[in-house]
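Visitor: Would you mind keeping the following structure in view while I ask a few things?
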Amino acid sequence: MIYEDLKNKDKTLAVIGLGYVGLPIALAFAKKIKVIGFDIKPERIELLKKNIDPSKELDASEFEGADIEFTANPDDLKKAHFFIVTVPTPIDDHNRPDLTPLYKASETVGKALKKGDYVVFESTVYPGATEEDCVPIMEKHSGLKFCQDFKVGYSPERINPGDKEHTITKIKKVVSGCDDEALDNIAKTYELIVEAGIFKAASIKTAEAAKVIENTQRDVNIALMNELSLIFNRMGINTYDVLAAAGTKWNFLKFFPGLVGGHCIGVDPYYLSYKAKEYGYYPQIIDAGRFVNDSMGRYVAKQTAKKLLQKNVNLLESNILIMGITFKENVADIRNTKVIDIYNELLSYNVRNIDIVDYFADKEEVKHEYGIEMADEIKNNYDAIILAVNHEKYVNLSEEYFAGIGTDKVLFVDVKGIYRNKIKKLDYWSL
């Protein structure tokens, strides 16, 4: 069994893609077995060799005692016999699945495949992608036959960026395989690192579907909260006050309004919707939820501009501070952040003096990704302060602090309502 060969270090496991998902998996396995960590970015590999996580998720101590070889050379993958693919699966400008990274990874693995090898995909996809899209590419580049010469499985990643509690070893792991033998070996292999237990899915498609609906469910529930926020704002009711009251019921679900970005909740529903349409079904709830959530950044900006005009502030001459640009709190990742929608919508109102600060985000990445120069320091002349991301350094500031960096008419926009009931003097608004 390949599981035994891996356990005895007679064979090697390879992880393809060393981002916020792949690196923790690679290091967890490297504490137990021999691992090759592969990424297409040489600069990332050089940092990893120095025990530096470019995603700023893992400390240098996490690399200690790891039997791992970091490489950007695909030829090194030929030494491996068990492959785990953890590359990104984004959407394009039209919200359609972009499987290019997955196709390229499948080609890379295919060129390294040998008889008896295993390949497990962890990237979020629509049901059917592993067997219908990835397997043919691997067959083409390896000259081997699926299930006969090499085994394939799917095990959805469940890593939550910034979450130090629900880590790879502490989250129940769903696994699947192309046949019973594959399922057994894949399950036993993951049991080497997962303490929370293994769940064997009925099929690869079932496991793919389970992953894509996890975030779809959250997306739809957050969309409901965002829509309620739109309604209650017109009624002059604070949404968080309403949720606090409703939340006293034992079975009320604890969801809150906010910006839904990143590469999971803001992306996965589009994969399911895309595949459903191929089968002739046009999702109503899923697409509606996406529409609501994708509009919230622009809504925050519109409300900010509207309230400034009500205070007789000239938008052309106004100064606005946006605190936070990453897609969620306490992470460095700026991909698919909805804070950029706030920024762009403000620009459409001819607001030109906008400072963005974020001590987690890399200034060069922000410049490269969005063409924005982040501010070096916070000034003291802001007409509006938008707290967009609840980083730990931003959640315990005083009202005096915000008053000190704003004008006499300063508007404080608290996107996620964490300063509710704490701001007494400033003009305050939240979702």
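Residue names in the structure tokens use chain letters A, B, ... in the order shown, residue numbers from 1 in each chain, and ligand numbers from 1 in the order shown.
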Leaving out A:Tyr349 and any residue of its chain fewer than 2 positions from it, which residues lie within 9 Å of it when counting only C-alpha atoms, given as a compact mmCIF listing (two decimals) with C-alpha atoms, in the first residue's frame?

Guide:
```txt
# COMPACT_ATOMS: atom_id res chain seq x y z
CA LYS A 302 -22.56 55.75 -1.78
CA ALA A 305 -20.76 60.28 -0.14
CA LEU A 315 -16.61 65.89 -2.24
CA LEU A 316 -14.06 67.32 -4.66
CA GLU A 345 -17.00 54.02 -6.11
CA LEU A 346 -15.67 57.02 -4.19
CA LEU A 347 -13.54 57.88 -7.20
CA VAL A 351 -13.34 62.09 -4.51
CA ARG A 352 -9.61 62.28 -5.16
```

Visitor: Applying 12 Å and only C-alpha atoms, which residues near A:Ile36 remain after dropping the ones on its own chain fewer than 6 positions away? List them as a ChimeraX atom specification.

Guide: /A:11-18,22-23,25-27,29-30,45,66-84

Visitor: So which residues touch stretch 181-184 of chain A within 10 Å, counting only C-alpha atoms, skipping near sequence neighbours fewer than 3 positions away, as number ranges by chain?

Guide: A: 1-3, 118-120, 147, 150-154, 175-178, 187-189, 200-204

Visitor: Using only C-alpha atoms, pick whichever of A:Glu227, A:Glu122, A:Glu399, A:Asp287 has the shortest atom-to-atom distance to A:Arg158.

Guide: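 Smallest distance to A:Arg158 is found for A:Glu122.
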
Visitor: When you draw a straight line from atom CA of A:Tyr20 to atom CA of A:His391, how long is it in Å?

Guide: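 Calculated distance between atom CA of A:Tyr20 and atom CA of A:His391 is 18.1 Å.
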
Visitor: Check stretch 40-262 of chain A with DSSP on the backbone and list each residue it calls alpha helix (DSSP H), as a ChimeraX atom specification.

Guide: /A:42-49,100-112,129,135-142,180-191,204-235,239-246
